[in-house]
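Colleague: Got a structure for you, target00.txt, holding compact mmCIF, C-alpha atoms.
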# COMPACT_ATOMS: atom_id res chain seq x y z
CA MET A 28 -56.62 -42.89 -66.61
CA ASN A 29 -57.97 -39.36 -67.00
CA GLY A 30 -56.61 -36.19 -65.44
CA SER A 31 -53.38 -34.22 -65.40
CA ALA A 32 -50.02 -35.62 -64.33
CA TRP A 33 -50.39 -33.93 -60.93
CA ASN A 34 -53.70 -35.70 -60.33
CA ARG A 35 -51.93 -39.02 -60.71
CA PHE A 36 -49.84 -38.42 -57.60
CA GLU A 37 -51.07 -39.98 -54.37
CA VAL A 38 -49.50 -38.84 -51.10
CA GLN A 39 -50.38 -40.22 -47.69
CA VAL A 40 -48.83 -39.16 -44.38
CA GLY A 41 -49.33 -41.04 -41.12
CA GLY A 42 -47.66 -42.42 -38.08
CA SER A 43 -47.92 -43.77 -34.57
CA ILE A 44 -46.66 -42.05 -31.41
CA ARG A 45 -46.03 -44.65 -28.71
CA GLU A 46 -44.99 -44.02 -25.11
CA GLN A 47 -44.77 -46.84 -22.62
CA TYR A 48 -43.79 -48.05 -19.18
CA PHE A 49 -42.24 -51.44 -18.42
CA ASN A 50 -41.56 -52.95 -15.02
CA ARG A 51 -40.27 -56.35 -13.98
CA SER A 52 -41.65 -57.92 -10.82
CA GLY A 53 -39.52 -57.75 -7.71
CA GLY A 54 -38.03 -54.33 -8.41
CA GLY A 55 -35.05 -55.76 -10.25
CA ASP A 56 -35.14 -53.00 -12.86
CA ASP A 57 -35.71 -49.95 -10.67
CA GLY A 58 -32.73 -48.25 -12.30
CA SER A 59 -33.80 -49.04 -15.86
CA TYR A 60 -34.90 -46.26 -18.20
CA LYS A 61 -37.86 -48.50 -19.10
CA HIS A 62 -39.06 -48.33 -15.49
CA LYS A 63 -39.15 -44.55 -15.78
CA GLY A 64 -41.07 -44.39 -19.06
CA TYR A 65 -39.65 -44.46 -22.57
CA ASP A 66 -40.50 -44.33 -26.26
CA GLY A 67 -42.16 -47.57 -27.35
CA GLY A 68 -41.57 -47.40 -31.10
CA THR A 69 -42.80 -44.07 -32.44
CA ARG A 70 -42.75 -43.95 -36.22
CA PHE A 71 -43.77 -41.58 -39.03
CA ARG A 72 -44.55 -42.73 -42.56
CA LEU A 73 -44.96 -41.28 -46.02
CA HIS A 74 -46.46 -42.95 -49.10
CA ALA A 75 -45.78 -41.16 -52.39
CA ASN A 76 -47.19 -43.07 -55.36
CA TYR A 77 -47.67 -42.19 -59.01
CA HIS A 78 -50.44 -43.84 -61.06
CA VAL A 79 -49.00 -44.29 -64.56
CA ASN A 80 -52.26 -45.81 -65.84
CA ASP A 81 -55.19 -47.85 -64.57
CA ASP A 82 -52.94 -50.86 -63.96
CA LEU A 83 -49.43 -49.59 -63.18
CA THR A 84 -48.47 -47.60 -60.08
CA LEU A 85 -44.97 -46.43 -59.15
CA LEU A 86 -44.40 -46.82 -55.40
CA SER A 87 -42.26 -45.13 -52.77
CA TYR A 88 -42.47 -45.55 -49.01
CA PHE A 89 -40.55 -43.95 -46.16
CA GLU A 90 -40.94 -44.93 -42.50
CA TYR A 91 -38.73 -43.32 -39.86
CA GLY A 92 -38.57 -44.25 -36.23
CA VAL A 93 -38.09 -41.46 -33.69
CA ASP A 94 -37.06 -41.81 -30.04
CA THR A 95 -39.25 -39.02 -28.71
CA MET A 96 -37.72 -39.11 -25.22
CA HIS A 97 -34.22 -38.75 -26.68
CA VAL A 98 -35.27 -35.91 -28.98
CA ALA A 99 -36.84 -34.12 -26.02
CA GLY A 100 -33.60 -34.54 -24.06
CA TRP A 101 -35.21 -36.42 -21.18
CA GLU A 102 -32.21 -38.14 -19.62
CA ASP A 103 -32.71 -41.56 -17.98
CA HIS A 104 -35.58 -42.24 -20.40
CA TYR A 105 -33.49 -43.73 -23.23
CA VAL A 106 -30.31 -45.69 -23.84
CA LYS A 107 -27.37 -43.35 -23.63
CA GLY A 108 -25.41 -43.25 -26.87
CA SER A 109 -28.34 -44.50 -28.93
CA LYS A 110 -29.62 -42.80 -32.07
CA THR A 111 -32.55 -40.40 -31.99
CA THR A 112 -33.91 -41.67 -35.33
CA ASN A 113 -33.70 -44.80 -37.46
CA ARG A 114 -34.83 -45.76 -40.94
CA ARG A 115 -37.39 -48.46 -40.35
CA GLN A 116 -38.30 -48.83 -44.03
CA VAL A 117 -37.32 -47.04 -47.23
CA TYR A 118 -38.20 -48.66 -50.54
CA PHE A 119 -39.25 -48.00 -54.14
CA GLY A 120 -40.95 -50.13 -56.77
CA PHE A 121 -44.05 -50.70 -58.83
CA ASP A 122 -47.40 -52.44 -58.44
CA SER A 123 -49.46 -53.98 -61.24
CA SER A 124 -52.44 -56.34 -61.13
CA ARG A 125 -51.06 -57.93 -64.28
CA TYR A 126 -47.35 -58.17 -63.48
CA GLY A 127 -47.32 -58.18 -59.67
CA ARG A 128 -45.52 -55.99 -57.15
CA LEU A 129 -41.75 -55.45 -57.01
CA THR A 130 -40.00 -53.33 -54.35
CA LEU A 131 -36.35 -52.56 -53.62
CA GLY A 132 -34.77 -51.15 -50.46
CA LYS A 133 -35.17 -51.66 -46.74
CA GLN A 134 -38.52 -53.36 -46.18
CA ASN A 135 -40.38 -56.11 -44.37
CA SER A 136 -39.02 -59.54 -45.24
CA VAL A 137 -40.99 -62.32 -46.91
CA TYR A 138 -40.80 -64.32 -43.66
CA TYR A 139 -42.22 -61.47 -41.58
CA ASP A 140 -44.91 -60.54 -44.15
CA THR A 141 -46.26 -64.09 -44.20
CA VAL A 142 -45.48 -65.76 -40.85
CA GLY A 143 -44.21 -63.21 -38.35
CA VAL A 144 -46.86 -60.53 -38.74
CA GLN A 145 -49.68 -62.92 -37.84
CA THR A 146 -48.73 -63.05 -34.14
CA ASP A 147 -47.05 -59.63 -33.89
CA VAL A 148 -50.21 -58.18 -32.38
CA TRP A 149 -49.54 -57.75 -28.66
CA ASP A 150 -46.96 -55.58 -26.91
CA TYR A 151 -44.29 -57.75 -25.26
CA ASP A 152 -44.19 -60.14 -28.20
CA MET A 153 -41.80 -61.45 -30.87
CA LEU A 154 -39.70 -63.20 -28.21
CA ALA A 155 -39.78 -66.56 -30.03
CA GLN A 156 -40.21 -65.73 -33.70
CA ALA A 157 -37.35 -65.45 -36.17
CA SER A 158 -37.81 -61.72 -36.69
CA SER A 159 -36.28 -60.92 -33.29
CA VAL A 160 -34.18 -63.87 -32.08
CA GLY A 161 -31.30 -63.66 -34.58
CA VAL A 162 -28.34 -61.29 -34.75
CA SER A 163 -30.46 -58.41 -36.06
CA GLY A 164 -33.60 -58.54 -38.17
CA ASP A 165 -32.30 -55.67 -40.29
CA TYR A 166 -29.12 -57.55 -41.20
CA ASP A 167 -30.01 -61.26 -41.31
CA GLY A 168 -33.08 -60.63 -43.47
CA SER A 169 -35.69 -61.93 -41.03
CA TYR A 170 -37.53 -58.68 -40.21
CA ARG A 171 -36.99 -55.31 -41.93
CA ALA A 172 -34.39 -56.48 -44.40
CA ARG A 173 -31.71 -54.05 -45.52
CA LYS A 174 -30.65 -54.04 -49.18
CA SER A 175 -33.42 -56.37 -50.32
CA ALA A 176 -35.80 -57.01 -53.18
CA LYS A 177 -39.29 -58.46 -52.81
CA TYR A 178 -41.77 -59.63 -55.43
CA ILE A 179 -45.44 -60.46 -54.71
CA TYR A 180 -47.89 -61.97 -57.17
CA ASP A 181 -51.58 -62.22 -56.29
CA LEU A 182 -53.50 -65.18 -57.73
CA GLY A 183 -56.71 -64.53 -55.85
CA ARG A 184 -56.97 -66.98 -52.94
CA THR A 185 -53.22 -67.61 -53.19
CA LYS A 186 -50.50 -64.99 -52.92
CA LEU A 187 -46.88 -65.82 -53.76
CA TYR A 188 -43.83 -64.07 -52.29
CA PHE A 189 -40.19 -64.07 -53.41
CA GLY A 190 -37.31 -62.27 -51.76
CA TRP A 191 -33.65 -61.60 -52.54
CA LEU A 192 -30.92 -60.25 -50.26
CA ILE A 193 -27.98 -58.23 -51.53
CA PRO A 194 -24.62 -58.58 -49.68
CA ASP A 195 -24.43 -56.25 -46.70
CA ASP A 196 -21.73 -54.55 -44.63
CA ASP A 197 -20.30 -55.95 -41.41
CA TYR A 198 -22.47 -55.80 -38.30
CA HIS A 199 -20.30 -55.44 -35.19
CA LEU A 200 -21.08 -58.10 -32.59
CA GLY A 201 -18.54 -57.06 -29.98
CA ASN A 202 -15.61 -59.02 -28.56
CA GLY A 203 -13.75 -58.53 -31.82
CA LEU A 204 -16.36 -60.32 -33.98
CA ASN A 205 -18.46 -59.18 -36.94
CA TYR A 206 -21.45 -60.67 -38.74
CA ARG A 207 -21.74 -60.31 -42.50
CA ARG A 208 -24.68 -61.32 -44.67
CA LYS A 209 -23.38 -62.36 -48.08
CA SER A 210 -26.52 -63.31 -50.01
CA GLY A 211 -29.87 -64.96 -49.55
CA GLY A 212 -33.31 -65.75 -50.85
CA SER A 213 -36.76 -66.56 -49.54
CA VAL A 214 -40.13 -67.82 -50.74
CA GLY A 215 -43.52 -67.55 -49.13
CA VAL A 216 -47.17 -68.30 -49.74
CA SER A 217 -50.46 -67.10 -48.33
CA TYR A 218 -53.59 -69.15 -48.95
CA ASP A 219 -57.16 -68.20 -48.01
CA PHE A 220 -59.22 -71.30 -47.22
CA THR A 221 -62.15 -68.99 -46.54
CA PRO A 222 -62.48 -65.20 -46.14
CA THR A 223 -61.67 -65.67 -42.42
CA LEU A 224 -59.20 -68.60 -42.40
CA GLN A 225 -55.69 -68.12 -43.78
CA LEU A 226 -52.55 -70.28 -43.92
CA ASN A 227 -49.13 -68.68 -44.37
CA ALA A 228 -45.75 -70.36 -44.84
CA ALA A 229 -42.21 -69.24 -45.70
CA TYR A 230 -38.67 -70.50 -46.17
CA SER A 231 -35.50 -68.38 -46.03
CA ASN A 232 -31.92 -69.40 -46.88
CA VAL A 233 -29.07 -66.97 -46.15
CA SER A 234 -25.33 -67.32 -46.68
CA SER A 235 -23.40 -65.46 -43.99
CA GLU A 236 -20.15 -65.42 -42.09
CA VAL A 237 -18.74 -64.45 -38.71
CA ASN A 238 -15.29 -62.88 -38.97
CA ASN A 239 -12.72 -61.18 -36.78
CA TYR A 240 -10.37 -58.24 -37.20
CA SER A 241 -7.52 -60.57 -38.12
CA GLY A 242 -9.31 -61.60 -41.31
CA ASP A 243 -10.35 -65.07 -40.13
CA GLN A 244 -13.90 -66.15 -40.91
CA LYS A 245 -16.42 -68.95 -40.43
CA SER A 246 -19.19 -69.42 -43.00
CA TYR A 247 -22.76 -70.34 -42.03
CA ARG A 248 -25.85 -71.40 -43.94
CA GLN A 249 -28.82 -69.92 -42.07
CA GLU A 250 -32.28 -71.35 -42.71
CA LEU A 251 -35.75 -70.41 -41.50
CA THR A 252 -38.82 -72.58 -42.06
CA GLY A 253 -42.12 -71.45 -40.62
CA ALA A 254 -45.90 -71.36 -40.90
CA ALA A 255 -48.87 -69.65 -39.26
CA LEU A 256 -52.61 -70.31 -39.24
CA THR A 257 -54.93 -67.36 -38.61
CA TRP A 258 -58.69 -67.45 -38.08
CA GLN A 259 -60.82 -64.32 -37.72
CA PRO A 260 -64.46 -65.32 -37.16
CA GLY A 261 -66.54 -62.28 -36.27
CA GLN A 262 -64.91 -60.31 -33.46
CA TRP A 263 -62.30 -63.00 -32.73
CA TYR A 264 -58.65 -62.97 -33.79
CA LEU A 265 -56.99 -66.37 -33.33
CA SER A 266 -53.50 -67.12 -34.63
CA ALA A 267 -50.73 -69.63 -33.98
CA GLY A 268 -47.40 -69.89 -35.75
CA GLY A 269 -43.93 -71.27 -35.41
CA GLY A 270 -40.65 -71.91 -37.11
CA TYR A 271 -37.50 -74.00 -37.15
CA TYR A 272 -34.27 -71.97 -37.06
CA ARG A 273 -31.05 -73.54 -38.35
CA ASN A 274 -27.76 -71.75 -37.59
CA PHE A 275 -29.77 -68.64 -36.79
CA VAL A 276 -30.10 -68.01 -33.04
CA PRO A 277 -26.79 -66.91 -31.41
CA SER A 278 -25.51 -69.61 -29.06
CA GLY A 279 -24.21 -67.16 -26.47
CA ILE A 280 -20.67 -68.42 -27.12
CA ASP A 281 -18.61 -65.48 -28.37
CA THR A 282 -16.26 -67.43 -30.59
CA MET A 283 -16.23 -67.40 -34.37
CA ASN A 284 -16.65 -71.16 -34.85
CA ASP A 285 -19.42 -71.62 -32.29
CA PHE A 286 -21.40 -68.41 -32.64
CA PHE A 287 -24.41 -70.20 -34.19
CA THR A 288 -23.93 -73.62 -32.58
CA GLY A 289 -27.19 -75.56 -32.53
CA ASP A 290 -30.65 -75.11 -33.99
CA ALA A 291 -33.81 -73.82 -32.36
CA TYR A 292 -37.56 -73.66 -32.73
CA GLY A 293 -40.05 -71.02 -31.70
CA VAL A 294 -43.84 -70.94 -31.45
CA GLU A 295 -46.28 -68.13 -30.69
CA TYR A 296 -50.05 -67.83 -30.27
CA VAL A 297 -52.63 -65.15 -29.59
CA ALA A 298 -56.38 -65.18 -28.95
CA LYS A 299 -58.15 -61.82 -28.89
CA TYR A 300 -61.81 -60.82 -28.73
CA THR A 301 -62.91 -57.28 -29.65
CA VAL A 302 -65.97 -55.83 -27.92
CA PRO A 303 -67.50 -52.81 -29.72
CA VAL A 304 -68.46 -50.03 -27.29
CA ASN A 305 -68.82 -46.75 -29.23
CA ASP A 306 -69.77 -44.80 -26.13
CA LEU A 307 -68.07 -42.20 -23.91
CA PHE A 308 -65.18 -41.80 -26.37
CA VAL A 309 -64.40 -45.54 -26.18
CA LYS A 310 -64.65 -47.37 -29.50
CA THR A 311 -63.57 -50.94 -28.65
CA VAL A 312 -62.16 -53.04 -25.81
CA SER A 313 -60.08 -56.10 -26.74
CA PRO A 314 -59.03 -58.53 -24.01
CA TYR A 315 -56.50 -61.16 -25.11
CA VAL A 316 -54.23 -63.99 -24.06
CA ALA A 317 -50.97 -64.79 -25.82
CA GLY A 318 -47.77 -66.74 -25.40
CA ASP A 319 -44.56 -68.04 -26.88
CA ARG A 320 -41.88 -70.68 -26.49
CA LEU A 321 -38.26 -70.63 -27.70
CA LYS A 322 -36.13 -73.76 -27.37
CA MET A 323 -32.50 -74.33 -28.33
CA LEU A 324 -31.76 -77.77 -29.81
CA ASN A 325 -28.53 -79.82 -30.03
CA GLY A 326 -26.51 -76.90 -28.69
CA PRO A 327 -26.39 -74.80 -25.50
CA GLU A 328 -29.41 -75.61 -23.36
CA TYR A 329 -31.84 -72.72 -23.27
CA GLN A 330 -35.60 -72.36 -23.24
CA SER A 331 -38.03 -69.54 -22.59
CA ASN A 332 -41.79 -69.48 -22.12
CA HIS A 333 -43.99 -66.41 -21.79
CA GLN A 334 -47.73 -66.28 -21.17
CA ALA A 335 -49.44 -62.91 -21.40
CA ILE A 336 -52.83 -61.51 -20.51
CA GLY A 337 -53.84 -58.02 -21.54
CA VAL A 338 -56.43 -55.61 -22.80
CA ALA A 339 -56.25 -53.03 -25.59
CA THR A 340 -58.71 -50.13 -25.47
CA LYS A 341 -59.27 -47.92 -28.51
CA PHE A 342 -60.63 -44.41 -28.09
CA ASP A 343 -61.87 -41.78 -30.52
CA TYR A 344 -59.43 -39.72 -32.57
CA GLY A 345 -56.81 -42.49 -32.88
CA PHE A 346 -55.90 -42.89 -29.20
CA ARG A 347 -55.30 -46.30 -27.65
CA PHE A 348 -54.22 -47.68 -24.27
CA ASP A 349 -52.71 -51.14 -23.75
CA LEU A 350 -52.15 -52.88 -20.43
CA GLU A 351 -50.42 -56.25 -20.31
CA HIS A 352 -48.85 -58.64 -17.80
CA THR A 353 -46.41 -61.39 -18.82
CA PHE A 354 -45.59 -64.50 -16.81
CA ALA A 355 -42.08 -65.70 -17.62
CA ASN A 356 -40.43 -69.11 -17.27
CA THR A 357 -36.92 -69.06 -18.72
CA SER A 358 -33.53 -70.70 -18.26
CA ASP A 359 -32.07 -67.39 -17.10
CA ASN A 360 -34.81 -66.82 -14.50
CA GLU A 361 -36.41 -63.85 -16.22
CA ALA A 362 -38.90 -62.08 -13.95
CA ASP A 363 -42.55 -61.48 -14.76
CA ALA A 364 -43.31 -58.08 -16.27
CA THR A 365 -46.05 -55.47 -16.62
CA LEU A 366 -46.26 -53.13 -19.61
CA ALA A 367 -48.48 -50.11 -20.17
CA ARG A 368 -48.55 -48.22 -23.47
CA VAL A 369 -50.30 -45.10 -24.74
CA ARG A 370 -50.60 -44.78 -28.53
CA TYR A 371 -51.79 -42.11 -30.89
CA ASP A 372 -52.24 -43.37 -34.47
CA PHE A 373 -52.85 -40.96 -37.31
How does this structure look as structure tokens?
Modeller:
Amino acid sequence: MNGSAWNRFEVQVGGSIREQYFNRSGGGDDGSYKHKGYDGGTRFRLHANYHVNDDLTLLSYFEYGVDTMHVAGWEDHYVKGSKTTNRRQVYFGFDSSRYGRLTLGKQNSVYYDTVGVQTDVWDYDMLAQASSVGVSGDYDGSYRARKSAKYIYDLGRTKLYFGWLIPDDDYHLGNGLNYRRKSGGSVGVSYDFTPTLQLNAAYSNVSSEVNNYSGDQKSYRQELTGAALTWQPGQWYLSAGGGYYRNFVPSGIDTMNDFFTGDAYGVEYVAKYTVPVNDLFVKTVSPYVAGDRLKMLNGPEYQSNHQAIGVATKFDYGFRFDLEHTFANTSDNEADATLARVRYDF
């Protein structure tokens, strides 16, 4: 690689400002901050990479979430006592076409990178996938895993993923209980049948415990097994995925020995069609349908089903507006909901 050392640095700054409104049918949430408008996941990101040579690049990535309503001091538009910022991802590593990619820190898990991300494309989603139905995706290693290592090796049509989890601190569950992740590992694979048809699969195995302040503890072996098939012919985006969750979804029983009683499965799907417009500041319009199902097995009886219809409209200069309605059918009689979101991506 030619050029000075300074020319080998690559810095990229970006982010997504997201403000949204959420309302359940029947007026049951009139007092909720979500009914009054709230931050819907604003984040800012920084890539700072250094190209050692034509093959090897040193990587660093920082992604911080910001509750814009909280920072602005708009009361009744955020959860009182919550943090104004959070570290969504912070990791370091290297990337090489010869040796693969290795990263260390807080980052997307193998399970999310392969299976979860495929259907994480509408707004009121992730209600049945592993990344959001456990104790916390940051702690149990299913979403943005804390204290983790991830290795990716690209073989062309096949991409292999390996993940490791380092023991973490206690996560306070309430009622005198804590969750602690002790160790874990995961494997994943992505295979391109064609340039538009892709199969993804992953398996995660985590050793954890639930303990109390008296020093008592109950050990659990948590397992995730999932797959997703995604097809993108032309302007279509079609994806369906699901997983089996063993000792992973909280049972709702706040006792140490029964906290993860029973297994569960979850499935999600989305079908979206993008219409190019490129007129009057509108770039594209994407109507879609989506849905999910979460079912508890051999434990406390619980099931949830959501079916969503929506449209995402992209404008010039990075602006976007989403409008979505979700029909709910759940064991706890969840009401239908409408969500509207304004985004500015840069």
Colleague: Work out how far CA of Ser109 in chain A is from CA of Tyr139 in chain A, in Å to one decimal.
Modeller: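 CA of Ser109 in chain A lies 25.3 Å from CA of Tyr139 in chain A.
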Colleague: Which one of A:Ala157, A:Ala367, A:Ala355, A:Val98 sits closest to His333 in chain A if you count only C-alpha atoms?
Modeller: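 Among the listed residues, A:Ala355 lies closest to His333 in chain A.
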Colleague: Mind pulling up the distance from CA of Gly168 in chain A to CA of Ala364 in chain A?
Modeller: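 Answer for the CA of Ala364 in chain A to CA of Gly168 in chain A separation: 29.2 Å.
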Colleague: Rank nothing, just name the residue among A:Asp197, A:Asp82, A:Asp343, A:Glu250 nearest to Ser169 in chain A, using only C-alpha atoms.
Modeller: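 Among the listed residues, A:Glu250 lies closest to Ser169 in chain A.
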Colleague: Can you measure CA of Gly42 in chain A to CA of Thr185 in chain A for me? One decimal in Å is fine.
Modeller: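 Going from CA of Gly42 in chain A over to CA of Thr185 in chain A, I get 29.9 Å.
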Colleague: Measuring between only C-alpha atoms, which one of A:Gly289, A:His199, A:Asp243, A:Lys310 shows the shortest distance to Ser163 in chain A?
Modeller: A:His199
Colleague: Please report, as a Markdown table, each residue of range 281-350 of chain A lying at most 8 Å from range 259-267 of chain A, together with the nearest pair of atoms and the separation in Å rounded to one decimal; use only C-alpha atoms, and order rows by chain and ascending residue number.
Modeller:
| residue | atom | partner | partner_atom | distance |
| --- | --- | --- | --- | --- |
| A:Val294 | CA | A:Ala267 | CA | 7.5 |
| A:Glu295 | CA | A:Ala267 | CA | 5.7 |
| A:Tyr296 | CA | A:Ala267 | CA | 4.2 |
| A:Val297 | CA | A:Ser266 | CA | 5.5 |
| A:Ala298 | CA | A:Leu265 | CA | 4.6 |
| A:Lys299 | CA | A:Tyr264 | CA | 5.1 |
| A:Tyr300 | CA | A:Trp263 | CA | 4.6 |
| A:Thr301 | CA | A:Gln262 | CA | 5.3 |
| A:Val302 | CA | A:Gln262 | CA | 7.2 |
Colleague: The residues within 10 Å of (-45.2, -67.2, -22.6), using all atoms listed in the file and the coordinates of the file, should be reported as JSON, numbers by chain; which are they?
Modeller: {"A": [151, 152, 154, 155, 294, 295, 296, 316, 317, 318, 319, 320, 321, 331, 332, 333, 334, 335, 336, 353, 354, 355, 356, 357]}
Colleague: Report as a list in words all protein, DNA and RNA residues lying within 8 Å of Val276 in chain A, evaluated on all atoms listed in the file, omitting residues in the same chain fewer than 6 positions from it.
Modeller: Val160, Gly161, Val162, Phe287, Asp290 and Ala291 of chain A
Colleague: Counting all atoms listed in the file, which residues of range 66-145 of chain A sit at most 10 Å from some atom of range 211-223 of chain A, and what is each one's closest atom pair with its distance in Å to one decimal, listed by chain and rising residue number, as CSV?
Modeller:
residue,atom,partner,partner_atom,distance
A:Ser136,CA,A:Ser213,CA,8.5
A:Val137,CA,A:Gly215,CA,6.2
A:Tyr138,CA,A:Gly215,CA,6.9
A:Tyr139,CA,A:Gly215,CA,9.8
A:Asp140,CA,A:Gly215,CA,8.7
A:Thr141,CA,A:Ser217,CA,6.6
A:Val142,CA,A:Gly215,CA,8.7
Colleague: What's around Leu73 in chain A at 10 Å? Count all atoms listed in the file, leave out sequence neighbours fewer than 3 positions away in its own chain, and write the answer as a VMD selection string.
Modeller: chain A and resid 38 to 42 76 87 to 91 117
Colleague: At a cut-off of 9 Å, using all atoms listed in the file, what residues contact Leu366 in chain A? Leave out same-chain residues fewer than 6 positions from it and give the result as a ChimeraX atom specification.
Modeller: /A:47-51,150-151,349-353
Colleague: For the residues in that selection, give me C-alpha atoms as a PDB file, keeping the file's coordinate frame.
Modeller:
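The file below, out23.pdb, is the result:
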ATOM      1  CA  GLN A  47     -44.770 -46.840 -22.620  1.00  0.00           C
ATOM      2  CA  TYR A  48     -43.790 -48.050 -19.180  1.00  0.00           C
ATOM      3  CA  PHE A  49     -42.240 -51.440 -18.420  1.00  0.00           C
ATOM      4  CA  ASN A  50     -41.560 -52.950 -15.020  1.00  0.00           C
ATOM      5  CA  ARG A  51     -40.270 -56.350 -13.980  1.00  0.00           C
ATOM      6  CA  ASP A 150     -46.960 -55.580 -26.910  1.00  0.00           C
ATOM      7  CA  TYR A 151     -44.290 -57.750 -25.260  1.00  0.00           C
ATOM      8  CA  ASP A 349     -52.710 -51.140 -23.750  1.00  0.00           C
ATOM      9  CA  LEU A 350     -52.150 -52.880 -20.430  1.00  0.00           C
ATOM     10  CA  GLU A 351     -50.420 -56.250 -20.310  1.00  0.00           C
ATOM     11  CA  HIS A 352     -48.850 -58.640 -17.800  1.00  0.00           C
ATOM     12  CA  THR A 353     -46.410 -61.390 -18.820  1.00  0.00           C
TER      13      THR A 353
END
